[in-house]
file protein_20.cif (mmCIF, C-alpha atoms)
data_structure
#
loop_
_atom_site.group_PDB
_atom_site.id
_atom_site.type_symbol
_atom_site.label_atom_id
_atom_site.label_comp_id
_atom_site.auth_asym_id
_atom_site.auth_seq_id
_atom_site.Cartn_x
_atom_site.Cartn_y
_atom_site.Cartn_z
ATOM 1 C CA MET A 1 88.343 222.555 150.149
ATOM 2 C CA ILE A 2 85.224 220.754 148.873
ATOM 3 C CA PRO A 3 86.049 218.069 146.308
ATOM 4 C CA ASP A 4 84.594 218.667 142.866
ATOM 5 C CA GLY A 5 83.562 216.326 140.096
ATOM 6 C CA PRO A 6 82.025 212.891 140.452
ATOM 7 C CA LEU A 7 83.668 211.952 143.781
ATOM 8 C CA LEU A 8 80.782 213.176 145.925
ATOM 9 C CA TRP A 9 78.297 211.528 143.569
ATOM 10 C CA TYR A 10 80.101 208.187 143.938
ATOM 11 C CA VAL A 11 80.280 208.607 147.707
ATOM 12 C CA ASN A 12 76.556 209.379 147.829
ATOM 13 C CA ARG A 13 75.604 206.434 145.609
ATOM 14 C CA SER A 14 77.764 203.914 147.412
ATOM 15 C CA THR A 15 76.800 204.995 150.927
ATOM 16 C CA GLY A 16 73.116 204.919 149.970
ATOM 17 C CA LEU A 17 73.275 201.336 148.744
ATOM 18 C CA VAL A 18 75.431 200.110 151.621
ATOM 19 C CA LEU A 19 73.095 201.904 154.013
ATOM 20 C CA ILE A 20 70.137 199.884 152.709
ATOM 21 C CA LEU A 21 72.109 196.699 153.369
ATOM 22 C CA LEU A 22 73.097 197.843 156.869
ATOM 23 C CA LEU A 23 69.546 198.892 157.760
ATOM 24 C CA THR A 24 68.297 195.532 156.522
ATOM 25 C CA THR A 25 70.945 193.726 158.575
ATOM 26 C CA GLY A 26 70.079 195.826 161.620
ATOM 27 C CA ILE A 27 66.401 194.936 161.379
ATOM 28 C CA LEU A 28 67.180 191.233 160.923
ATOM 29 C CA LEU A 29 69.475 191.259 163.960
ATOM 30 C CA GLY A 30 66.874 193.188 165.960
ATOM 31 C CA VAL A 31 64.219 190.603 165.183
ATOM 32 C CA TRP A 32 66.622 187.764 165.963
ATOM 33 C CA SER A 33 67.658 189.313 169.280
ATOM 34 C CA THR A 34 64.046 189.512 170.470
ATOM 35 C CA ARG A 35 63.105 185.979 169.435
ATOM 36 C CA GLY A 36 63.575 182.891 171.536
ATOM 37 C CA ASP A 37 66.178 181.583 169.075
ATOM 38 C CA ALA A 38 68.790 184.109 170.165
ATOM 39 C CA GLY A 39 70.762 182.580 173.009
ATOM 40 C CA THR A 40 70.499 178.986 171.813
ATOM 41 C CA ARG A 41 73.540 178.827 169.515
ATOM 42 C CA VAL A 42 74.735 182.427 169.774
ATOM 43 C CA PRO A 43 74.444 184.284 173.096
ATOM 44 C CA ARG A 44 71.663 186.867 173.088
ATOM 45 C CA PHE A 45 74.042 189.604 174.281
ATOM 46 C CA ALA A 46 76.279 188.948 171.252
ATOM 47 C CA VAL A 47 73.352 189.329 168.847
ATOM 48 C CA GLN A 48 72.216 192.503 170.612
ATOM 49 C CA SER A 49 75.752 193.891 170.622
ATOM 50 C CA LEU A 50 76.108 193.218 166.901
ATOM 51 C CA HIS A 51 72.690 194.832 166.337
ATOM 52 C CA ARG A 52 73.828 197.911 168.272
ATOM 53 C CA ASN A 53 77.102 198.164 166.362
ATOM 54 C CA VAL A 54 75.385 197.786 162.991
ATOM 55 C CA GLY A 55 73.023 200.570 164.095
ATOM 56 C CA LEU A 56 75.932 202.848 164.982
ATOM 57 C CA LEU A 57 77.699 202.062 161.700
ATOM 58 C CA SER A 58 74.447 202.838 159.865
ATOM 59 C CA LEU A 59 74.272 206.189 161.632
ATOM 60 C CA LEU A 60 77.852 207.024 160.618
ATOM 61 C CA LEU A 61 77.169 206.040 157.010
ATOM 62 C CA LEU A 62 73.952 208.080 157.044
ATOM 63 C CA VAL A 63 75.933 211.163 158.075
ATOM 64 C CA ILE A 64 78.373 210.604 155.204
ATOM 65 C CA HIS A 65 75.466 210.028 152.790
ATOM 66 C CA VAL A 66 73.702 213.240 153.828
ATOM 67 C CA VAL A 67 76.863 215.377 153.929
ATOM 68 C CA SER A 68 77.910 214.188 150.468
ATOM 69 C CA ALA A 69 74.440 215.064 149.129
ATOM 70 C CA VAL A 70 74.582 218.563 150.650
ATOM 71 C CA LEU A 71 78.143 219.246 149.439
ATOM 72 C CA ASP A 72 77.530 217.941 145.919
ATOM 73 C CA GLU A 73 76.478 220.906 143.814
ATOM 74 C CA PHE A 74 74.641 218.811 141.215
ATOM 75 C CA VAL A 75 71.591 218.683 143.485
ATOM 76 C CA ASP A 76 70.832 221.945 145.260
ATOM 77 C CA ILE A 77 70.248 220.877 148.864
ATOM 78 C CA ARG A 78 70.798 223.338 151.690
ATOM 79 C CA TRP A 79 72.080 222.030 155.020
ATOM 80 C CA TRP A 80 68.740 222.665 156.764
ATOM 81 C CA GLN A 81 66.888 220.745 154.048
ATOM 82 C CA ALA A 82 68.826 217.670 155.124
ATOM 83 C CA VAL A 83 66.654 217.725 158.250
ATOM 84 C CA VAL A 84 63.443 219.463 157.135
ATOM 85 C CA PRO A 85 61.980 218.303 153.796
ATOM 86 C CA ALA A 86 60.796 221.696 152.583
ATOM 87 C CA ASP A 87 61.309 223.748 149.417
ATOM 88 C CA LEU A 88 63.045 220.901 147.578
ATOM 89 C CA HIS A 89 63.617 221.245 143.847
ATOM 90 C CA TYR A 90 65.218 218.002 142.652
ATOM 91 C CA GLU A 91 62.993 214.899 142.832
ATOM 92 C CA ALA A 92 61.187 216.519 145.754
ATOM 93 C CA GLY A 93 59.044 213.542 146.761
ATOM 94 C CA TRP A 94 61.850 210.980 146.723
ATOM 95 C CA LEU A 95 64.266 213.381 148.371
ATOM 96 C CA ALA A 96 61.705 214.146 151.084
ATOM 97 C CA ALA A 97 61.317 210.398 151.672
ATOM 98 C CA GLY A 98 65.058 210.126 152.285
ATOM 99 C CA ILE A 99 64.999 213.060 154.691
ATOM 100 C CA VAL A 100 62.088 211.576 156.652
ATOM 101 C CA ALA A 101 63.867 208.204 156.787
ATOM 102 C CA SER A 102 67.074 209.820 158.050
ATOM 103 C CA ASP A 103 65.152 211.805 160.683
ATOM 104 C CA LEU A 104 63.543 208.584 161.928
ATOM 105 C CA ILE A 105 66.881 206.762 162.009
ATOM 106 C CA VAL A 106 68.485 209.568 164.015
ATOM 107 C CA ALA A 107 65.514 209.592 166.422
ATOM 108 C CA VAL A 108 65.811 205.825 166.956
ATOM 109 C CA ALA A 109 69.564 206.108 167.558
ATOM 110 C CA LEU A 110 69.328 209.043 169.969
ATOM 111 C CA THR A 111 66.499 207.524 171.998
ATOM 112 C CA SER A 112 68.417 204.253 172.190
ATOM 113 C CA ILE A 113 71.447 206.066 173.585
ATOM 114 C CA VAL A 114 69.287 207.530 176.382
ATOM 115 C CA ARG A 115 67.118 204.441 176.696
ATOM 116 C CA HIS A 116 67.709 204.175 180.448
ATOM 117 C CA ARG A 117 65.964 207.551 180.875
ATOM 118 C CA LEU A 118 62.839 206.484 178.976
ATOM 119 C CA SER A 119 60.048 204.128 179.876
ATOM 120 C CA HIS A 120 60.397 200.777 178.135
ATOM 121 C CA ARG A 121 57.073 201.284 176.339
ATOM 122 C CA GLY A 122 58.036 204.770 175.104
ATOM 123 C CA TRP A 123 61.431 203.584 173.923
ATOM 124 C CA LEU A 124 59.934 200.543 172.226
ATOM 125 C CA LEU A 125 57.327 202.591 170.345
ATOM 126 C CA LEU A 126 60.049 204.923 169.077
ATOM 127 C CA HIS A 127 62.341 202.005 168.260
ATOM 128 C CA LEU A 128 59.640 200.318 166.192
ATOM 129 C CA THR A 129 59.663 203.334 163.849
ATOM 130 C CA SER A 130 62.887 201.832 162.478
ATOM 131 C CA TYR A 131 60.625 199.606 160.363
ATOM 132 C CA ALA A 132 58.962 202.693 158.889
ATOM 133 C CA ALA A 133 62.386 204.275 158.373
ATOM 134 C CA TRP A 134 63.523 201.178 156.479
ATOM 135 C CA VAL A 135 60.434 201.206 154.218
ATOM 136 C CA VAL A 136 60.791 204.923 153.468
ATOM 137 C CA ALA A 137 64.559 204.583 152.906
ATOM 138 C CA LEU A 138 63.943 201.727 150.482
ATOM 139 C CA ALA A 139 61.383 203.837 148.605
ATOM 140 C CA HIS A 140 63.866 206.734 148.552
ATOM 141 C CA GLY A 141 66.565 204.519 147.071
ATOM 142 C CA LEU A 142 64.234 203.013 144.488
ATOM 143 C CA GLY A 143 62.877 206.394 143.472
ATOM 144 C CA ILE A 144 65.973 208.552 143.378
ATOM 145 C CA GLY A 145 68.864 206.089 143.161
ATOM 146 C CA THR A 146 70.816 206.336 139.918
ATOM 147 C CA ASP A 147 71.582 202.606 140.032
ATOM 148 C CA THR A 148 67.982 201.481 140.450
ATOM 149 C CA GLY A 149 67.783 200.474 136.793
ATOM 150 C CA SER A 150 70.728 198.087 137.165
ATOM 151 C CA GLY A 151 69.962 194.423 137.681
ATOM 152 C CA TRP A 152 72.276 194.083 140.697
ATOM 153 C CA ALA A 153 70.635 197.079 142.399
ATOM 154 C CA ARG A 154 67.143 195.689 141.786
ATOM 155 C CA TRP A 155 68.267 192.357 143.249
ATOM 156 C CA THR A 156 69.710 194.164 146.269
ATOM 157 C CA TYR A 157 66.432 195.984 146.924
ATOM 158 C CA ALA A 158 64.328 192.887 146.242
ATOM 159 C CA THR A 159 66.442 190.662 148.495
ATOM 160 C CA SER A 160 66.328 193.260 151.272
ATOM 161 C CA GLY A 161 62.554 193.480 150.899
ATOM 162 C CA VAL A 162 62.075 189.704 151.019
ATOM 163 C CA LEU A 163 64.361 189.298 154.049
ATOM 164 C CA VAL A 164 62.757 192.060 156.102
ATOM 165 C CA THR A 165 59.218 191.016 155.152
ATOM 166 C CA GLY A 166 60.045 187.424 156.097
ATOM 167 C CA ALA A 167 61.560 188.524 159.414
ATOM 168 C CA VAL A 168 58.528 190.664 160.270
ATOM 169 C CA VAL A 169 56.123 187.828 159.433
ATOM 170 C CA TRP A 170 58.240 185.423 161.479
ATOM 171 C CA ARG A 171 58.246 187.848 164.391
ATOM 172 C CA LEU A 172 54.467 188.232 164.232
ATOM 173 C CA ILE A 173 53.535 184.555 163.922
ATOM 174 C CA ALA A 174 56.219 182.887 166.053
ATOM 175 C CA ARG A 175 55.606 183.219 169.756
ATOM 176 C CA PRO A 176 58.641 184.390 171.722
ATOM 177 C CA GLU A 177 59.897 182.107 174.427
ATOM 178 C CA ARG A 178 59.573 183.636 177.856
ATOM 179 C CA PRO A 179 62.739 183.463 179.943
ATOM 180 C CA THR A 180 62.436 180.931 182.751
ATOM 181 C CA ALA A 181 65.169 182.494 184.879
ATOM 182 C CA PRO A 182 64.002 184.991 187.480
ATOM 183 C CA VAL A 183 64.613 188.655 186.786
ATOM 184 C CA THR A 184 67.534 189.823 188.903
ATOM 185 C CA PRO A 185 68.847 193.346 189.518
ATOM 186 C CA ALA A 186 71.910 192.426 187.431
ATOM 187 C CA ALA A 187 69.674 191.393 184.506
ATOM 188 C CA VAL A 188 67.708 194.631 184.755
ATOM 189 C CA HIS A 189 70.945 196.636 184.841
ATOM 190 C CA HIS A 190 72.290 194.727 181.802
ATOM 191 C CA ASP A 191 69.031 195.414 179.933
ATOM 192 C CA ARG A 192 69.114 199.108 180.810
ATOM 193 C CA ILE A 193 72.584 199.627 179.387
ATOM 194 C CA GLY A 194 71.555 197.848 176.186
ATOM 195 C CA GLY A 195 71.528 200.872 173.844
ATOM 196 C CA LEU A 196 70.305 200.208 170.273
ATOM 197 C CA ARG A 197 68.301 197.029 170.198
#
call {"tool": "encode", "arguments": {"input": "protein_20.cif", "output": "C-alpha cells"}}
result
Amino acid sequence: MIPDGPLLWYVNRSTGLVLILLLTTGILLGVWSTRGDAGTRVPRFAVQSLHRNVGLLSLLLLVIHVVSAVLDEFVDIRWWQAVVPADLHYEAGWLAAGIVASDLIVAVALTSIVRHRLSHRGWLLLHLTSYAAWVVALAHGLGIGTDTGSGWARWTYATSGVLVTGAVVWRLIARPERPTAPVTPAAVHHDRIGGLR
C-alpha cells in the first residue's frame, strides 16, 4: 500500500536537502583525494574509501528521493519521467533539471563500478560530469524546493556553493604532488579496484 498524506512530501523534501549535502561532501572528498594533501595526515585510501561510500549513500538517497516523488500524487510524475525529462507538467524546467542531475549521478556511479573495464581517460571524463550534476542538482533544489525560502535552506545552499567553488578553484590553482614511489603492479591493481573516486 502506498502511503498517503504528507509523508511522501516530507521524505522527498528531506532526502533532497540531505542529498545536496552528500553531493557536496562527495565532491569535497573527491578533490581532497586527488590532491597532494591526501596521504599526509589521513591515508589517501581512507579518503578515497570515504568518497566512494558517500557516493554510494548519495545514490541510495537519490533512489528514495525519486521514488517518493513518483509515488506522491501531488505532483504527477510517471515512472519513465524520472529518467526522461519529457512531457512534464509541474515546474517543468526545475523538474527537468533534477532528472538530468539524477541521470548524471547514476551514470557516474555505474561507470565507477565498472571502472576497471574503461580507459582511465574515458572514466575520468565521465566522472568529471559529477560537477555538472552538482550544479544542476543545486539549481533544481533552489528552483523547486519548498524550503528554499527558509533562511536555513538558503544558508545550506550558499555554504555548499562556497565550499564546492573553493574546492574547484583550489584544485585548479594548486599543483598536485606527483608520487615519488615507483608504480608497481600492486599499486595499479589497487587503483583499478578503486570504484567511485
call {"tool": "closest_residue", "arguments": {"input": "protein_20.cif", "among": "A:Gly122, A:Pro85, A:Pro43, A:Gly55", "to": "Thr25 of chain A", "atoms": "only C-alpha atoms"}}
result
A:Gly55
call {"tool": "atom_distance", "arguments": {"input": "protein_20.cif", "atom1": "atom CA of Ala109 of chain A", "atom2": "atom CA of Leu163 of chain A"}}
result
22.2 Å
call {"tool": "residues_around", "arguments": {"input": "protein_20.cif", "residues": "segment 142-157 of chain A", "least_positions_apart": "6", "cutoff": "9 Å", "atoms": "all atoms listed in the file", "output": "PyMOL selection string"}}
result
chain A and resi 13+16-17+20-21+91+93-95
call {"tool": "closest_residue", "arguments": {"input": "protein_20.cif", "among": "A:Val66, A:Leu29, A:Leu19, A:Ala139", "to": "Asp103 of chain A", "atoms": "all atoms listed in the file"}}
result
A:Val66
call {"tool": "closest_residue", "arguments": {"input": "protein_20.cif", "among": "A:Asp87, A:Arg115, A:Leu23, A:Ser130", "to": "Asn53 of chain A", "atoms": "all atoms listed in the file"}}
result
A:Leu23
call {"tool": "resolve_selection", "arguments": {"input": "protein_20.cif", "expression": "the PyMOL selection byres ((chain A and resi 77) around 12)", "output": "PDB file with C-alpha atoms, keeping the file's coordinate frame"}}
result
ATOM      1  CA  VAL A  66      73.702 213.240 153.828  1.00  0.00           C
ATOM      2  CA  VAL A  67      76.863 215.377 153.929  1.00  0.00           C
ATOM      3  CA  SER A  68      77.910 214.188 150.468  1.00  0.00           C
ATOM      4  CA  ALA A  69      74.440 215.064 149.129  1.00  0.00           C
ATOM      5  CA  VAL A  70      74.582 218.563 150.650  1.00  0.00           C
ATOM      6  CA  LEU A  71      78.143 219.246 149.439  1.00  0.00           C
ATOM      7  CA  ASP A  72      77.530 217.941 145.919  1.00  0.00           C
ATOM      8  CA  GLU A  73      76.478 220.906 143.814  1.00  0.00           C
ATOM      9  CA  PHE A  74      74.641 218.811 141.215  1.00  0.00           C
ATOM     10  CA  VAL A  75      71.591 218.683 143.485  1.00  0.00           C
ATOM     11  CA  ASP A  76      70.832 221.945 145.260  1.00  0.00           C
ATOM     12  CA  ARG A  78      70.798 223.338 151.690  1.00  0.00           C
ATOM     13  CA  TRP A  79      72.080 222.030 155.020  1.00  0.00           C
ATOM     14  CA  TRP A  80      68.740 222.665 156.764  1.00  0.00           C
ATOM     15  CA  GLN A  81      66.888 220.745 154.048  1.00  0.00           C
ATOM     16  CA  ALA A  82      68.826 217.670 155.124  1.00  0.00           C
ATOM     17  CA  VAL A  83      66.654 217.725 158.250  1.00  0.00           C
ATOM     18  CA  VAL A  84      63.443 219.463 157.135  1.00  0.00           C
ATOM     19  CA  PRO A  85      61.980 218.303 153.796  1.00  0.00           C
ATOM     20  CA  ALA A  86      60.796 221.696 152.583  1.00  0.00           C
ATOM     21  CA  ASP A  87      61.309 223.748 149.417  1.00  0.00           C
ATOM     22  CA  LEU A  88      63.045 220.901 147.578  1.00  0.00           C
ATOM     23  CA  HIS A  89      63.617 221.245 143.847  1.00  0.00           C
ATOM     24  CA  TYR A  90      65.218 218.002 142.652  1.00  0.00           C
ATOM     25  CA  GLU A  91      62.993 214.899 142.832  1.00  0.00           C
ATOM     26  CA  ALA A  92      61.187 216.519 145.754  1.00  0.00           C
ATOM     27  CA  LEU A  95      64.266 213.381 148.371  1.00  0.00           C
ATOM     28  CA  ALA A  96      61.705 214.146 151.084  1.00  0.00           C
ATOM     29  CA  ILE A  99      64.999 213.060 154.691  1.00  0.00           C
TER      30      ILE A  99
END
call {"tool": "residues_near_point", "arguments": {"input": "protein_20.cif", "point": "(60.9, 207.0, 153.2)", "cutoff": "7 Å", "atoms": "all atoms listed in the file", "output": "ChimeraX atom specification"}}
result
/A:97-98,100-101,133,135-140
